[in-house]
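Novice: What follows is the file model36.cif, containing mmCIF, C-alpha atoms:
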data_query
loop_
_atom_site.label_atom_id
_atom_site.label_comp_id
_atom_site.auth_asym_id
_atom_site.auth_seq_id
_atom_site.Cartn_x
_atom_site.Cartn_y
_atom_site.Cartn_z
CA MET N 16 -6.70 4.71 23.37
CA ALA N 17 -6.10 4.53 19.62
CA GLU N 18 -8.41 6.45 17.32
CA PRO N 19 -11.06 4.50 15.39
CA VAL N 20 -10.14 3.49 11.86
CA SER N 21 -12.23 4.88 9.00
CA MET N 22 -13.02 2.20 6.43
CA SER N 23 -14.67 4.71 4.09
CA GLU N 24 -11.65 6.84 3.21
CA LEU N 25 -9.03 4.39 1.99
CA PHE N 26 -6.06 4.62 -0.35
CA VAL N 27 -3.78 1.86 -1.62
CA ARG N 28 -0.05 1.31 -1.29
CA GLU N 29 1.37 -1.22 -3.76
CA PHE N 30 4.28 -3.46 -2.81
CA GLU N 31 6.20 -5.38 -5.48
CA LYS N 32 8.01 -8.52 -4.42
CA ASN N 33 11.21 -9.76 -6.02
CA ASP N 34 9.26 -12.21 -8.19
CA GLY N 35 7.11 -9.40 -9.61
CA THR N 36 4.02 -10.22 -7.54
CA VAL N 37 2.26 -7.05 -6.41
CA LEU N 38 0.49 -6.87 -3.07
CA ARG N 39 -2.01 -4.08 -2.43
CA PHE N 40 -2.39 -2.65 1.04
CA ASN N 41 -5.40 -0.53 1.90
CA GLN N 42 -4.58 2.36 4.21
CA SER N 43 -6.92 4.74 5.99
CA GLU N 44 -6.76 8.52 5.83
CA ILE N 45 -8.43 8.72 9.24
CA GLY N 46 -7.18 6.91 12.33
CA ASP N 47 -4.08 6.26 14.41
CA VAL N 48 -0.48 5.65 13.29
CA GLY N 49 -1.28 2.02 12.48
CA CYS N 50 -3.52 2.97 9.56
CA VAL N 51 -0.69 3.40 7.07
CA VAL N 52 2.31 1.40 5.85
CA TRP N 53 5.42 2.99 7.33
CA ASP N 54 8.91 2.78 5.81
CA ALA N 55 10.08 0.35 8.49
CA ALA N 56 7.36 -2.08 7.39
CA LEU N 57 8.63 -1.94 3.82
CA VAL N 58 12.24 -2.46 4.92
CA LEU N 59 11.29 -5.45 7.07
CA SER N 60 9.08 -6.90 4.32
CA LYS N 61 11.93 -6.75 1.82
CA TYR N 62 14.33 -8.25 4.35
CA LEU N 63 12.14 -11.35 4.42
CA GLU N 64 13.09 -11.90 0.77
CA THR N 65 16.85 -11.63 1.32
CA GLU N 66 19.35 -14.46 1.49
CA ASP N 67 20.52 -13.06 4.84
CA PHE N 68 17.12 -13.77 6.39
CA SER N 69 16.27 -17.07 4.75
CA GLY N 70 19.73 -18.59 4.46
CA GLY N 71 18.32 -20.71 1.68
CA ASN N 72 15.31 -21.76 3.77
CA ASP N 73 11.89 -20.44 2.81
CA LEU N 74 8.95 -19.51 5.02
CA LYS N 75 6.72 -22.29 3.70
CA SER N 76 4.45 -23.64 6.46
CA LYS N 77 6.24 -21.61 9.15
CA LEU N 78 4.11 -20.11 11.93
CA VAL N 79 4.39 -16.33 12.01
CA VAL N 80 2.82 -13.70 14.27
CA GLU N 81 2.93 -9.98 13.55
CA LEU N 82 2.42 -7.63 16.49
CA GLY N 83 1.09 -4.10 16.05
CA ALA N 84 0.37 -5.03 12.46
CA GLY N 85 -1.93 -2.11 11.61
CA THR N 86 -2.55 -2.81 7.94
CA GLY N 87 -1.01 -6.29 8.21
CA ALA N 88 1.50 -5.51 5.46
CA VAL N 89 4.57 -7.33 6.80
CA GLY N 90 2.58 -10.38 7.82
CA LEU N 91 0.92 -10.56 4.42
CA VAL N 92 4.31 -10.49 2.71
CA ALA N 93 5.30 -13.43 4.92
CA ALA N 94 2.05 -15.22 3.97
CA SER N 95 2.79 -14.60 0.29
CA LEU N 96 6.10 -16.39 0.89
CA GLY N 97 4.30 -19.46 2.22
CA ALA N 98 3.98 -18.78 5.96
CA ASN N 99 0.86 -19.35 8.05
CA VAL N 100 0.44 -15.92 9.57
CA THR N 101 -1.59 -14.33 12.34
CA VAL N 102 -1.60 -10.54 12.10
CA THR N 103 -2.57 -8.84 15.35
CA ASP N 104 -3.41 -5.38 16.62
CA LEU N 105 -6.04 -3.59 18.69
CA PRO N 106 -9.66 -4.49 17.86
CA GLN N 107 -10.27 -1.33 15.80
CA PHE N 108 -7.60 -2.41 13.30
CA VAL N 109 -9.04 -5.89 12.65
CA PRO N 110 -11.45 -4.79 9.84
CA LEU N 111 -8.57 -3.12 7.96
CA MET N 112 -6.36 -6.18 8.34
CA GLU N 113 -9.20 -8.47 7.22
CA LEU N 114 -9.80 -6.29 4.17
CA ASN N 115 -6.14 -6.54 3.18
CA ILE N 116 -6.19 -10.31 3.67
CA ARG N 117 -9.18 -10.60 1.34
CA ASP N 118 -7.75 -8.26 -1.27
CA ASN N 119 -4.46 -10.19 -1.42
CA ALA N 120 -5.87 -13.72 -1.05
CA ALA N 121 -4.88 -14.74 -4.58
CA SER N 122 -1.23 -13.87 -3.87
CA LEU N 123 -0.89 -15.81 -0.61
CA ALA N 124 1.02 -19.08 -0.77
CA GLY N 125 0.33 -19.58 2.93
CA THR N 126 -2.56 -18.52 5.14
CA ALA N 127 -3.43 -15.33 7.02
CA GLN N 128 -5.86 -14.47 9.79
CA ALA N 129 -6.46 -11.24 11.72
CA VAL N 130 -6.81 -11.38 15.49
CA ALA N 131 -7.35 -8.66 18.09
CA LEU N 132 -4.54 -8.59 20.65
CA THR N 133 -3.83 -6.00 23.32
CA TRP N 134 -0.21 -6.01 24.46
CA GLY N 135 0.33 -7.03 28.05
CA THR N 136 -2.81 -9.17 28.30
CA GLU N 137 -2.76 -12.93 28.75
CA LEU N 138 -2.64 -14.94 25.53
CA ASP N 139 -5.92 -16.79 25.07
CA GLY N 140 -5.03 -19.34 22.40
CA THR N 141 -6.18 -17.30 19.40
CA VAL N 142 -2.52 -16.48 18.68
CA PRO N 143 -0.13 -19.41 18.10
CA ALA N 144 2.27 -20.02 20.99
CA ALA N 145 5.99 -20.32 20.26
CA PRO N 146 5.74 -19.45 16.54
CA ASP N 147 8.76 -19.70 14.29
CA LEU N 148 8.81 -15.95 13.74
CA VAL N 149 7.47 -12.84 15.47
CA LEU N 150 7.42 -9.62 13.43
CA LEU N 151 7.42 -6.07 14.80
CA ALA N 152 7.57 -3.04 12.48
CA ASP N 153 7.68 0.44 14.02
CA CYS N 154 6.08 -0.67 17.28
CA ILE N 155 8.43 1.41 19.47
CA TYR N 156 6.42 4.60 19.57
CA TYR N 157 4.56 5.16 22.84
CA GLU N 158 6.34 5.06 26.20
CA GLU N 159 3.35 3.55 28.00
CA SER N 160 3.24 0.61 25.60
CA LEU N 161 6.85 -0.55 26.04
CA GLU N 162 6.47 -2.86 29.03
CA PRO N 163 3.22 -4.45 27.71
CA LEU N 164 4.86 -4.97 24.31
CA VAL N 165 7.95 -6.65 25.76
CA LYS N 166 5.73 -8.81 28.00
CA THR N 167 3.77 -9.99 24.96
CA VAL N 168 6.88 -10.70 22.88
CA HIS N 169 8.35 -12.64 25.80
CA SER N 170 5.12 -14.61 26.30
CA LEU N 171 4.95 -15.51 22.62
CA CYS N 172 8.51 -16.61 22.05
CA GLY N 173 9.67 -20.17 22.46
CA GLU N 174 13.14 -21.66 22.43
CA ASN N 175 13.34 -21.61 18.62
CA THR N 176 11.40 -18.41 17.95
CA LEU N 177 13.09 -15.55 16.13
CA ALA N 178 11.68 -12.08 16.81
CA LEU N 179 12.45 -9.56 14.07
CA CYS N 180 12.08 -5.94 15.09
CA CYS N 181 12.40 -3.11 12.58
CA TYR N 182 12.00 0.54 13.54
CA GLU N 183 12.90 4.02 12.35
CA LYS N 184 15.27 5.87 14.65
CA ARG N 185 13.68 9.16 15.73
CA ASP N 186 15.52 11.96 17.53
CA THR N 187 12.62 14.25 18.44
CA GLY N 188 11.07 14.62 21.89
CA ASN N 189 11.37 11.55 24.10
CA LYS N 190 11.85 9.13 21.19
CA PRO N 191 15.57 8.41 21.95
CA GLU N 192 14.64 7.52 25.55
CA ILE N 193 11.81 5.27 24.34
CA GLU N 194 14.24 3.42 22.06
CA ARG N 195 16.79 3.08 24.87
CA ARG N 196 14.17 1.78 27.30
CA PHE N 197 12.80 -0.74 24.79
CA LEU N 198 16.27 -2.14 24.12
CA GLN N 199 16.96 -2.31 27.86
CA LEU N 200 13.74 -4.23 28.55
CA MET N 201 14.28 -6.61 25.63
CA GLY N 202 17.91 -7.10 26.63
CA GLU N 203 16.84 -8.49 29.99
CA VAL N 204 15.36 -11.61 28.39
CA PHE N 205 16.63 -11.65 24.78
CA ASP N 206 19.95 -11.76 22.98
CA LYS N 207 20.06 -9.27 20.13
CA ASP N 208 21.84 -9.11 16.79
CA TYR N 209 21.73 -5.98 14.65
CA VAL N 210 21.38 -6.56 10.90
CA PRO N 211 23.66 -4.10 9.08
CA THR N 212 22.31 -2.34 6.00
CA GLU N 213 24.66 -4.26 3.70
CA ARG N 214 22.81 -7.47 4.65
CA GLN N 215 19.42 -5.92 3.90
CA ASP N 216 17.70 -5.32 0.58
CA PRO N 217 19.91 -2.86 -1.35
CA HIS N 218 16.95 -0.74 -2.45
CA PHE N 219 14.90 -0.95 0.75
CA SER N 220 17.29 -0.03 3.54
CA SER N 221 18.34 3.13 5.34
CA ASP N 222 20.82 4.17 8.01
CA ASP N 223 17.86 5.54 9.99
CA ILE N 224 15.95 2.23 9.99
CA HIS N 225 17.25 -0.60 12.13
CA ILE N 226 16.52 -4.33 12.02
CA ILE N 227 17.29 -6.37 15.12
CA ARG N 228 17.06 -10.15 15.50
CA PHE N 229 16.03 -11.22 19.02
CA THR N 230 16.22 -14.73 20.49
CA LEU N 231 15.54 -15.83 24.05
CA LYS N 232 18.57 -15.88 26.30
CA LYS N 233 19.64 -19.41 27.18
CA THR N 234 19.04 -18.63 30.87
CA GLU N 235 15.40 -17.97 29.93
CA ILE N 236 15.15 -21.33 28.19
CA SER N 237 16.82 -23.50 30.83
#
Can the structure from this file be put into structure tokens for me?

Specialist:
Amino acid sequence: MAEPVSMSELFVREFEKNDGTVLRFNQSEIGDVGCVVWDAALVLSKYLETEDFSGGNDLKSKLVVELGAGTGAVGLVAASLGANVTVTDLPQFVPLMELNIRDNAASLAGTAQAVALTWGTELDGTVPAAPDLVLLADCIYYEESLEPLVKTVHSLCGENTLALCCYEKRDTGNKPEIERRFLQLMGEVFDKDYVPTERQDPHFSSDDIHIIRFTLKKTEIS
């Protein structure tokens, strides 16, 4: 069970987009790992602004779901680029996500809503089915959450959904095994494509942080 999030001891992380717009993300000094903006979230957020991701197509009016959003940072960057975004996490994170939606409302070209979602549970209609894009930033952390996470990603994705996963490679403890197991589980139902650092934002990329593009295998679609 994740720790409760303290809404009384907050500090702000600023994020500047390529157009100079600054988003402000409230973080909590007290709570679980989802209370702060991790480096992988920044790398994935900046990737959304690259030509490699967009290919000349913007996110305007696209349906986007962020899983394990914590602060909602990556989803809010997508919303600032015109997407209609649902940021999701455990119920205790919803107030923090809602606060960040309110504080960045003036910078959003699209829409954003915060919804409680526990991985592995049945989707109840509060989260859009078959969105255009599913975002995951540093969600590969706890061994017991891997199968529920993959189940939820699989349930969400439709034929044309792209799932973007960004995570920091960690070599301590059982973290390499957790990464291996996640990739194995995802590989059973998704095709994967690693995004090399040279295709990422030149200032927000690292050899230790990986971005993977996942799409449903054709056997899953047919």

Novice: Have a look at N:Val100, N:Leu200, N:Val210, N:Leu179 and name the one nearest to Leu164 in chain N; count all atoms listed in the file.

Specialist: N:Leu200

Novice: Considering all atoms listed in the file, return as an mmCIF file with C-alpha atoms, in the coordinates of the input whatever protein or nucleic-acid residues lie within 9 Å of Phe26 in chain N, sequence-local ones (same chain, fewer than 3 positions apart) excluded.

Specialist:
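Ended up saving to out.cif:
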data_model
loop_
_atom_site.group_PDB
_atom_site.id
_atom_site.type_symbol
_atom_site.label_atom_id
_atom_site.label_comp_id
_atom_site.auth_asym_id
_atom_site.auth_seq_id
_atom_site.Cartn_x
_atom_site.Cartn_y
_atom_site.Cartn_z
ATOM 1 C CA PHE N 40 -2.390 -2.650 1.040
ATOM 2 C CA ASN N 41 -5.400 -0.530 1.900
ATOM 3 C CA GLN N 42 -4.580 2.360 4.210
ATOM 4 C CA SER N 43 -6.920 4.740 5.990
ATOM 5 C CA GLU N 44 -6.760 8.520 5.830
#

Novice: How many Å separate CA of Glu162 in chain N from CA of Val142 in chain N?

Specialist: 19.3 Å

Novice: Considering only C-alpha atoms, can you say which of N:Lys32, N:Lys190, N:Lys184, N:Lys232 comes closest to Thr65 in chain N?

Specialist: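 Closest candidate: N:Lys32.
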
Novice: Show me, as a ChimeraX atom specification, the residues that have an atom within 12 Å of Gly188 in chain N when counting all atoms listed in the file, minus same-chain residues fewer than 4 positions from it.

Specialist: /N:156-158,192-194

Novice: Choose the residue, out of N:Gly70, N:Glu81, N:Ser95, N:Ser76, that has the smallest atom-to-atom separation from Leu38 in chain N; count only C-alpha atoms.

Specialist: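 Residue with the minimum atom-to-atom distance to Leu38 in chain N: N:Ser95.
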
Novice: Out of N:Gln107, N:Gln128, N:Ser221, N:Thr136, which residue has the shortest atom-to-atom distance to Tyr182 in chain N when counting all atoms listed in the file?

Specialist: N:Ser221

Novice: Quick one: of N:Gln199, N:Ser122, N:Leu148, N:Lys75, who's nearest to Glu31 in chain N, counting all atoms listed in the file?

Specialist: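 Closest residue, counting all atoms listed in the file: N:Ser122.
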
Novice: Of the residues N:Val204, N:Val165, N:Val80, N:Phe219, which is the one nearest to Val149 in chain N, using all atoms listed in the file?

Specialist: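 Nearest to Val149 in chain N: N:Val80.
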
Novice: Could you tell me which residues the PyMOL selection byres ((chain N and resi 102) around 12) returns for this structure, as a VMD selection string?

Specialist: chain N and resid 78 to 94 98 to 101 103 to 106 108 to 113 115 to 116 126 to 132 141 to 143 148 to 152

Novice: Starting from the PyMOL selection byres ((chain N and resi 228) around 8), expand the selection into actual residues of this file and give them as a list of chain:residue names.

Specialist: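 That expression, the PyMOL selection byres ((chain N and resi 228) around 8), corresponds here to N:Leu177, N:Ala178, N:Leu179, N:Cys180, N:Lys207, N:Asp208, N:Tyr209, N:Val210, N:Ile226, N:Ile227, N:Phe229, N:Thr230.
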
Novice: When you draw a straight line from CA of Asn175 in chain N to CA of Asp147 in chain N, how long is it in Å?

Specialist: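 Taking CA of Asn175 in chain N and CA of Asp147 in chain N, their separation equals 6.6 Å.
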
Novice: What is the CA of Phe30 in chain N to CA of Asn72 in chain N distance in Å?

Specialist: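 The value is 22.4 Å.
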
Novice: Take every atom of range 172-188 of chain N listed in the file, fit an axis-aligned box around them, add 5 Å per side, and give the centre and edge lengths in Å to one decimal as AutoDock Vina command-line options.

Specialist:
--center_x 12.0 --center_y -3.5 --center_z 17.4 --size_x 17.0 --size_y 46.3 --size_z 20.1
